[in-house]
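Enquirer: The following block contains the structure, expressed as structure tokens.
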Amino acid sequence: MADTKERGPRLWTWLLLPGTLWMTGFLVASLLLVATLALGTTDPLGNPRFGFNPDNLTALADPAYRTVLLRSLGYALITCLICLAVAYPVAYAIALRGGRFKNLLIAAIVVPFFANYLVRMYGWSVVLSDDGPLLRFLRAIGVADDGTKILQTGAGVIAGLVYGFVVFMIIPLYAAMERMDTSLIEAGRDLYGGPLRTFLYVTVPATRQGAAAGCVLVFLPAMGDFVSAQLMGGPDQIMIGNLIQDKFFQGQNWPLGSALTMLLMAVLFLGMLGYLRRTRKDEAEAAR
């Protein structure tokens with residue numbers, strides 16, 4: 001019996017090994033290529049050349065790049081908060097009130113996101129346009145006037161990011177609420193806790209790991225996204241992803257684009273490191 005138990009985990013380890021090595025090899029190779037190119041130069045024709053040019057790294061201290069980085073960070077954090085506010089009631093309703101329709105409700109949320117991301121963003125930009133159905137409705141009820149705009153604003157960019165990544169918040173929260181002991185909610189109500197108080201002091205702490213996982217899944221792609229800012233923002237709403245795209249495809253400055261990519265990777269790595277440390281701390285507390 002002991003040999004069978006040991007053979008199971010060992011088999012899964014060997015099955016995971018080829019894919020893990022494959023993905024790790026390409027990840028490390030691409031990071032090394034980008035890091036090496038960040039120290040390179042460009043020839044008179046704009047072609048990248050490997051070398052040692054620290055000016056690409058010192059250029060990152062430019063206030064314009066710092067402003068774009070902080071804007072991207074702010075947009076990504078606001079997107080996480082809005083996704084949390086939207087996803088919690090949706091996940092709660094499906095997990096605890098969905099009954100036999102749980103799978104159907106999850107499919108209704110997930111399946112539309114199988115469509116191409118760019119196509120969905122184009123559709124969302126039509127909805128939020130000046131002559132789109134949303135602003136027409138708001139004007140009809142007197143909430144907005146002819147000068148109200150959503151596109152070409154920071155709100156439009158954040159709306160696109162939320163629409164694009166909210167499903168990544170709903171799924172982890174739903175999974176966490178599925179595992180949650182519902183008797184805790186009943187105990188909170190028995191102790192005369194109102195719905196809001198029970199939610200804040202019982203449901204949220206019990207599902208914080210799912211919320212943390214969702215925040216990571218939303219923050220990482222939102223931080224580097226460039227489609228939402230390009231379609232729904234203006235020149236004053238560009239994000240670091242737009243800068244990287246511009247340096248690689250229009251500015252023909254691959255070394256500087258690589259340096260910006262390494263800066264973005266460093267920020268994302270810090271976010272991921274914080275999530276892993278928090279997860280390890282929660283597991284240690286649960287094991288006590």
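Please note that chains go A, B, ... in the order of the structure tokens, that every chain numbers its residues from 1, and that ligands are numbered from 1 in the order shown.
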Can you list every residue in region 2-234 of chain A that DSSP puts in alpha helix (DSSP H), as a ChimeraX atom specification?

Expert: /A:2-37,55-58,63-97,102-110,117-127,133-140,154-165,167-179,183-190,195-198,204-206,208-224,227-232

Enquirer: Write out as a PyMOL selection string the residues lying within 9 Å of Leu37 (chain A), counting only C-alpha atoms and excluding same-chain residues fewer than 6 positions away.

Expert: chain A and resi 48-52+254-256+258-259

Enquirer: Mind checking DSSP for region 34-246 of chain A and telling me the strand (DSSP E) residues as JSON, numbers by chain?

Expert: {"A": [41, 42, 48, 49]}

Enquirer: Go ahead and save the picked residues with C-alpha atoms, as a PDB file, in the first residue's frame.

Expert:
```
ATOM      1  CA  THR A  41      22.388  49.528 -29.629  1.00  0.00           C
ATOM      2  CA  THR A  42      20.807  50.221 -33.007  1.00  0.00           C
ATOM      3  CA  PRO A  48      19.241  46.066 -33.160  1.00  0.00           C
ATOM      4  CA  ARG A  49      22.816  45.178 -32.323  1.00  0.00           C
TER       5      ARG A  49
END
```

Enquirer: Please, what distance in Å, to one decimal, runs between CA of Val68 (chain A) and CA of Ala38 (chain A)?

Expert: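 Interatomic distance here is 18.9 Å.
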
Enquirer: Could you name the residues that touch Tyr92 (chain A) at 10 Å or less, counting only C-alpha atoms, but leaving out those on the same chain fewer than 6 positions away, as a short mmCIF file (atom, residue, chain, number, x, y, z; two decimals) with all heavy atoms, in the first residue's frame?

Expert:
```cif
data_model
loop_
_atom_site.label_atom_id
_atom_site.label_comp_id
_atom_site.auth_asym_id
_atom_site.auth_seq_id
_atom_site.Cartn_x
_atom_site.Cartn_y
_atom_site.Cartn_z
N GLY A 98 -26.68 29.29 -6.57
CA GLY A 98 -26.86 28.79 -7.93
C GLY A 98 -27.56 27.46 -8.03
O GLY A 98 -28.20 27.16 -9.04
N ILE A 170 -13.58 36.34 -11.09
CA ILE A 170 -14.78 35.59 -10.71
C ILE A 170 -14.45 34.13 -10.45
O ILE A 170 -14.91 33.55 -9.44
CB ILE A 170 -15.85 35.72 -11.82
CG1 ILE A 170 -16.35 37.16 -11.92
CG2 ILE A 170 -17.03 34.78 -11.54
CD1 ILE A 170 -17.32 37.39 -13.06
N LEU A 173 -12.62 33.36 -7.05
CA LEU A 173 -13.54 33.62 -5.94
C LEU A 173 -14.64 32.56 -5.88
O LEU A 173 -15.02 32.12 -4.79
CB LEU A 173 -14.16 35.01 -6.10
CG LEU A 173 -13.29 36.20 -5.69
CD1 LEU A 173 -13.98 37.51 -6.01
CD2 LEU A 173 -12.94 36.13 -4.21
N TYR A 174 -15.13 32.16 -7.02
CA TYR A 174 -16.14 31.10 -7.05
C TYR A 174 -15.58 29.81 -6.47
O TYR A 174 -16.23 29.12 -5.67
CB TYR A 174 -16.62 30.89 -8.48
CG TYR A 174 -17.43 29.64 -8.67
CD1 TYR A 174 -18.76 29.58 -8.26
CD2 TYR A 174 -16.87 28.50 -9.26
CE1 TYR A 174 -19.51 28.42 -8.42
CE2 TYR A 174 -17.61 27.34 -9.43
CZ TYR A 174 -18.93 27.30 -9.01
OH TYR A 174 -19.66 26.16 -9.17
N ALA A 176 -13.13 29.50 -4.35
CA ALA A 176 -12.92 29.66 -2.90
C ALA A 176 -14.25 29.54 -2.14
O ALA A 176 -14.30 28.93 -1.07
CB ALA A 176 -12.27 31.00 -2.62
N MET A 177 -15.31 30.10 -2.68
CA MET A 177 -16.61 30.03 -2.01
C MET A 177 -17.20 28.63 -2.09
O MET A 177 -17.96 28.22 -1.19
CB MET A 177 -17.57 31.04 -2.62
CG MET A 177 -17.20 32.48 -2.30
SD MET A 177 -18.38 33.68 -2.93
CE MET A 177 -17.55 35.22 -2.48
N GLU A 178 -16.86 27.88 -3.13
CA GLU A 178 -17.31 26.49 -3.22
C GLU A 178 -16.69 25.65 -2.11
O GLU A 178 -17.33 24.73 -1.59
CB GLU A 178 -16.93 25.90 -4.58
CG GLU A 178 -17.91 26.18 -5.69
CD GLU A 178 -19.09 25.23 -5.64
OE1 GLU A 178 -19.01 24.13 -6.21
OE2 GLU A 178 -20.10 25.59 -5.00
N PHE A 199 -20.87 39.29 5.72
CA PHE A 199 -20.04 39.20 4.52
C PHE A 199 -18.63 39.71 4.79
O PHE A 199 -17.63 39.08 4.40
CB PHE A 199 -20.68 40.01 3.40
CG PHE A 199 -19.86 40.09 2.15
CD1 PHE A 199 -19.80 39.03 1.27
CD2 PHE A 199 -19.12 41.23 1.86
CE1 PHE A 199 -19.04 39.10 0.11
CE2 PHE A 199 -18.35 41.31 0.71
CZ PHE A 199 -18.32 40.24 -0.16
N THR A 203 -17.34 35.97 5.26
CA THR A 203 -17.11 35.52 3.89
C THR A 203 -15.78 36.02 3.34
O THR A 203 -15.02 35.24 2.75
CB THR A 203 -18.25 36.01 2.97
OG1 THR A 203 -19.50 35.57 3.50
CG2 THR A 203 -18.08 35.46 1.57
#
```

Enquirer: Identify which of the residues A:Leu84, A:Ala155, A:Leu96, A:Leu39 lies closest to Ser228 (chain A), counting only C-alpha atoms when measuring atom-to-atom distances.

Expert: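 Smallest distance to Ser228 (chain A) is found for A:Ala155.
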
Enquirer: Check which residues of region 217-253 of chain A sit at most 12 Å from region 104-119 of chain A using only C-alpha atoms, and return one row each with the closest pair of atoms and their distance in Å to one decimal, ordered by chain and rising number, as CSV.

Expert:
```
residue,atom,partner,partner_atom,distance
A:Asp225,CA,A:Tyr117,CA,11.0
A:Phe226,CA,A:Leu118,CA,10.6
A:Val227,CA,A:Leu118,CA,7.2
A:Ser228,CA,A:Leu118,CA,8.9
A:Gln230,CA,A:Leu118,CA,10.9
A:Leu231,CA,A:Leu118,CA,9.5
```

Enquirer: So, with only C-alpha atoms as the atoms that count, which of A:Arg277, A:Met169, A:Leu21, A:Gly194 lies closest to Cys80 (chain A)?

Expert: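 Ranking A:Arg277, A:Met169, A:Leu21, A:Gly194 by distance to Cys80 (chain A), first place goes to A:Met169.
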
Enquirer: Can you work out the spacing between CA of Ile94 (chain A) and CA of Ser183 (chain A) in Å, to one decimal?

Expert: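 Result for CA of Ile94 (chain A) versus CA of Ser183 (chain A): 17.2 Å, one decimal.
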
Enquirer: Looking at A:Pro89, A:Gln252, A:Leu276, A:Ile240, which one is nearest to Leu60 (chain A), with distances taken over only C-alpha atoms?

Expert: A:Ile240

Enquirer: Counting only C-alpha atoms, which residue out of A:Val166, A:Glu283, A:Ala175, A:Val202 sits closest to Ala85 (chain A)?

Expert: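 Among the listed residues, A:Val166 lies closest to Ala85 (chain A).
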
Enquirer: Please provide as a PyMOL selection string all residues within 7 Å of Ile244 (chain A), with the sequence filter that same-chain residues fewer than 6 positions apart are discarded (counting only C-alpha atoms).

Expert: chain A and resi 257+260-261

Enquirer: For CA of Leu200 (chain A) and CA of Val218 (chain A), quote the distance in Å rounded to one decimal.

Expert: 21.8 Å

Enquirer: Hey, which of A:Pro133, A:Gly147, A:Gly224, A:Pro235 ends up closest to Ala266 (chain A)? Count only C-alpha atoms.

Expert: A:Gly224
